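Since the structure comes first, as structure tokens, the remarks are kept for the end.
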Amino acid sequence: MARLWVITYDIANPKRLRAVADVLEQVGERVQESVFECWADRVRIYSIRQELRAILNPQEDSVRFYPLCAPCVAQVRWQGEGDAAGNPLYWVV
């Protein structure tokens, strides 16, 4: 079952930073400079993690995956630009 994931990252090297952003731009929507929202099931998230693992330097870089439950998605609030996370433009399965 697909759910909303918030994926954040902090990458030390500009080349790796671009590579991580390229991967995430294919599967989710950038909502902040280093934050993506992605509708995906656990299998797809595992695949994304494997793809990123090949790029990252674990001593210097960090990527975090936060799954949001349905009630949590319904409570997401924001200020400024953006659209509701509960209204996905696309699903990744």
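Chain labels A, B, ... are given in the sequence in which chains occur in the structure tokens; within each chain residues are numbered consecutively from 1, and ligands are likewise numbered from 1 in the order shown.
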Problem set entry | Shell around range 62-71 of chain A at 10 Å using only C-alpha atoms, local window under 4 positions removed, as a ChimeraX atom specification | /A:3-12,20,34-42,45,49,52-53,56-58,75-76,86
Could those selected residues go to a file with N, CA, C and O atoms, as a short mmCIF file (atom, residue, chain, number, x, y, z; two decimals), in the first residue's frame?
```cif
data_model
loop_
_atom_site.label_atom_id
_atom_site.label_comp_id
_atom_site.auth_asym_id
_atom_site.auth_seq_id
_atom_site.Cartn_x
_atom_site.Cartn_y
_atom_site.Cartn_z
N ARG A 3 2.02 5.02 0.66
CA ARG A 3 1.82 6.03 1.69
C ARG A 3 2.74 7.19 1.38
O ARG A 3 3.62 7.09 0.55
N LEU A 4 2.51 8.28 2.06
CA LEU A 4 3.36 9.45 1.87
C LEU A 4 4.62 9.31 2.70
O LEU A 4 4.57 8.99 3.89
N TRP A 5 5.76 9.54 2.07
CA TRP A 5 7.06 9.53 2.73
C TRP A 5 7.67 10.92 2.59
O TRP A 5 7.60 11.53 1.52
N VAL A 6 8.25 11.39 3.66
CA VAL A 6 9.05 12.62 3.63
C VAL A 6 10.50 12.16 3.62
O VAL A 6 10.92 11.38 4.48
N ILE A 7 11.23 12.60 2.61
CA ILE A 7 12.64 12.21 2.46
C ILE A 7 13.48 13.47 2.55
O ILE A 7 13.26 14.42 1.80
N THR A 8 14.41 13.48 3.49
CA THR A 8 15.29 14.63 3.69
C THR A 8 16.73 14.19 3.51
O THR A 8 17.06 13.01 3.71
N TYR A 9 17.58 15.13 3.15
CA TYR A 9 18.98 14.76 2.98
C TYR A 9 19.91 15.92 3.28
O TYR A 9 19.53 17.09 3.19
N ASP A 10 21.13 15.55 3.65
CA ASP A 10 22.22 16.49 3.87
C ASP A 10 23.46 15.82 3.28
O ASP A 10 23.95 14.83 3.81
N ILE A 11 23.91 16.33 2.16
CA ILE A 11 25.00 15.70 1.40
C ILE A 11 26.18 16.66 1.34
O ILE A 11 26.03 17.83 0.95
N ALA A 12 27.37 16.17 1.69
CA ALA A 12 28.55 17.02 1.81
C ALA A 12 29.17 17.42 0.48
O ALA A 12 29.69 18.52 0.34
N VAL A 20 21.87 12.66 -5.75
CA VAL A 20 20.76 12.33 -4.85
C VAL A 20 19.50 13.08 -5.28
O VAL A 20 18.42 12.51 -5.37
N SER A 34 16.05 20.61 0.46
CA SER A 34 16.55 19.25 0.68
C SER A 34 15.47 18.34 1.25
O SER A 34 15.76 17.43 2.03
N VAL A 35 14.23 18.56 0.83
CA VAL A 35 13.11 17.77 1.34
C VAL A 35 12.18 17.41 0.17
O VAL A 35 11.78 18.28 -0.60
N PHE A 36 11.86 16.12 0.09
CA PHE A 36 10.94 15.63 -0.92
C PHE A 36 9.77 14.93 -0.24
O PHE A 36 9.92 14.38 0.85
N GLU A 37 8.62 14.95 -0.89
CA GLU A 37 7.48 14.13 -0.52
C GLU A 37 7.28 13.12 -1.64
O GLU A 37 7.34 13.47 -2.81
N CYS A 38 7.06 11.88 -1.25
CA CYS A 38 6.96 10.80 -2.23
C CYS A 38 5.86 9.84 -1.82
O CYS A 38 5.86 9.33 -0.69
N TRP A 39 4.91 9.57 -2.72
CA TRP A 39 3.91 8.54 -2.49
C TRP A 39 4.46 7.24 -3.03
O TRP A 39 4.71 7.10 -4.23
N ALA A 40 4.71 6.28 -2.13
CA ALA A 40 5.31 5.01 -2.56
C ALA A 40 5.00 3.92 -1.54
O ALA A 40 4.74 4.20 -0.38
N ASP A 41 5.08 2.68 -2.01
CA ASP A 41 4.96 1.56 -1.08
C ASP A 41 6.35 1.21 -0.55
O ASP A 41 7.36 1.74 -1.01
N ARG A 42 6.40 0.30 0.41
CA ARG A 42 7.68 -0.05 1.04
C ARG A 42 8.67 -0.67 0.06
O ARG A 42 9.87 -0.48 0.18
N ILE A 45 10.25 2.21 -1.78
CA ILE A 45 11.15 2.93 -0.88
C ILE A 45 12.45 2.14 -0.71
O ILE A 45 13.54 2.71 -0.73
N ARG A 49 16.16 3.49 -1.60
CA ARG A 49 17.25 3.44 -0.62
C ARG A 49 18.47 2.73 -1.20
O ARG A 49 19.60 3.16 -0.98
N LEU A 52 20.17 5.07 -3.66
CA LEU A 52 20.91 6.14 -2.97
C LEU A 52 22.14 5.60 -2.25
O LEU A 52 23.16 6.29 -2.17
N ARG A 53 22.06 4.40 -1.74
CA ARG A 53 23.20 3.80 -1.03
C ARG A 53 24.43 3.75 -1.93
O ARG A 53 25.56 3.91 -1.46
N LEU A 56 25.88 7.54 -1.86
CA LEU A 56 26.25 8.21 -0.60
C LEU A 56 27.61 7.80 -0.06
O LEU A 56 28.05 6.67 -0.25
N ASN A 57 28.19 8.72 0.67
CA ASN A 57 29.34 8.42 1.52
C ASN A 57 28.78 8.41 2.94
O ASN A 57 28.46 9.47 3.48
N PRO A 58 28.67 7.25 3.58
CA PRO A 58 28.01 7.18 4.88
C PRO A 58 28.73 7.94 6.00
O PRO A 58 28.12 8.25 7.01
N GLN A 75 -3.27 15.84 8.78
CA GLN A 75 -2.96 16.94 9.69
C GLN A 75 -1.80 17.82 9.22
O GLN A 75 -1.42 18.77 9.90
N VAL A 76 -1.21 17.52 8.06
CA VAL A 76 -0.10 18.32 7.55
C VAL A 76 -0.58 19.74 7.31
O VAL A 76 -1.63 19.97 6.70
N GLY A 86 -1.74 15.56 0.91
CA GLY A 86 -2.77 14.54 0.74
C GLY A 86 -3.36 14.49 -0.65
O GLY A 86 -4.21 13.67 -0.92
#
```
For this session: Within chain A, find each residue whose DSSP state, derived from the backbone, is alpha helix (DSSP H), and express the selection as a ChimeraX atom specification.
Result: /A:14-27,42-53,70-74
For this session: Please give the complete set of residues from range 51-80 of chain A that DSSP, run on the backbone, assigns to strand (DSSP E or B), formatted as a list of chain:residue names.
Result: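 Taking range 51-80 of chain A and keeping strand (DSSP E or B) gives A:Ser62, A:Val63, A:Arg64, A:Phe65, A:Tyr66, A:Pro67, A:Leu68.
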Exercise. For Leu24 in chain A, which of A:Ile48, A:Val73, A:Val43, A:Met1 is the closest residue, counting only C-alpha atoms?
Worked result: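 Smallest separation from Leu24 in chain A among the options: A:Ile48.
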For this session: Might you pull out every residue within 10 Å of Asn13 in chain A, with only C-alpha atoms counted and same-chain residues fewer than 4 positions away left off, and present them as a list of chain:residue names?
Result: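 Here the answer would be A:Leu17, A:Arg18, A:Ala19, A:Leu56, A:Asn57, A:Glu60, A:Asp61.
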Since we have the selection now, will you write its residues out, keeping N, CA, C and O atoms, as a PDB file, in the first residue's frame?
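Wrote it out as selection21.pdb, contents follow:
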```pdb
ATOM      1  N   LEU A  17      25.447  15.407  -4.067  1.00  0.00           N
ATOM      2  CA  LEU A  17      24.219  16.163  -3.800  1.00  0.00           C
ATOM      3  C   LEU A  17      23.332  16.182  -5.043  1.00  0.00           C
ATOM      4  O   LEU A  17      22.133  15.901  -4.983  1.00  0.00           O
ATOM      5  N   ARG A  18      23.914  16.496  -6.187  1.00  0.00           N
ATOM      6  CA  ARG A  18      23.160  16.542  -7.440  1.00  0.00           C
ATOM      7  C   ARG A  18      22.616  15.159  -7.805  1.00  0.00           C
ATOM      8  O   ARG A  18      21.482  15.015  -8.260  1.00  0.00           O
ATOM      9  N   ALA A  19      23.438  14.124  -7.575  1.00  0.00           N
ATOM     10  CA  ALA A  19      23.016  12.761  -7.902  1.00  0.00           C
ATOM     11  C   ALA A  19      21.838  12.330  -7.030  1.00  0.00           C
ATOM     12  O   ALA A  19      20.883  11.705  -7.526  1.00  0.00           O
ATOM     13  N   LEU A  56      25.879   7.542  -1.856  1.00  0.00           N
ATOM     14  CA  LEU A  56      26.247   8.212  -0.604  1.00  0.00           C
ATOM     15  C   LEU A  56      27.606   7.796  -0.061  1.00  0.00           C
ATOM     16  O   LEU A  56      28.046   6.666  -0.248  1.00  0.00           O
ATOM     17  N   ASN A  57      28.194   8.716   0.669  1.00  0.00           N
ATOM     18  CA  ASN A  57      29.343   8.424   1.522  1.00  0.00           C
ATOM     19  C   ASN A  57      28.783   8.415   2.939  1.00  0.00           C
ATOM     20  O   ASN A  57      28.464   9.475   3.483  1.00  0.00           O
ATOM     21  N   GLU A  60      29.899  10.971   5.555  1.00  0.00           N
ATOM     22  CA  GLU A  60      29.680  12.404   5.327  1.00  0.00           C
ATOM     23  C   GLU A  60      28.235  12.789   5.030  1.00  0.00           C
ATOM     24  O   GLU A  60      27.870  13.947   5.188  1.00  0.00           O
ATOM     25  N   ASP A  61      27.435  11.848   4.564  1.00  0.00           N
ATOM     26  CA  ASP A  61      26.098  12.162   4.060  1.00  0.00           C
ATOM     27  C   ASP A  61      25.014  11.530   4.920  1.00  0.00           C
ATOM     28  O   ASP A  61      25.250  10.555   5.622  1.00  0.00           O
TER      29      ASP A  61
END
```
Problem set entry | Selected residue of minimal separation from Ile55 in chain A among A:Ala21, A:Ala2, A:Val31, A:Cys72, counting only C-alpha atoms |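 Among A:Ala21, A:Ala2, A:Val31, A:Cys72, it is A:Ala21 that comes nearest to Ile55 in chain A.
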Exercise. In Å, with one decimal, what is the gap from CA of Arg30 in chain A to CA of Trp78 in chain A?
Worked result: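 Computed distance, CA of Arg30 in chain A to CA of Trp78 in chain A, equals 14.2 Å.
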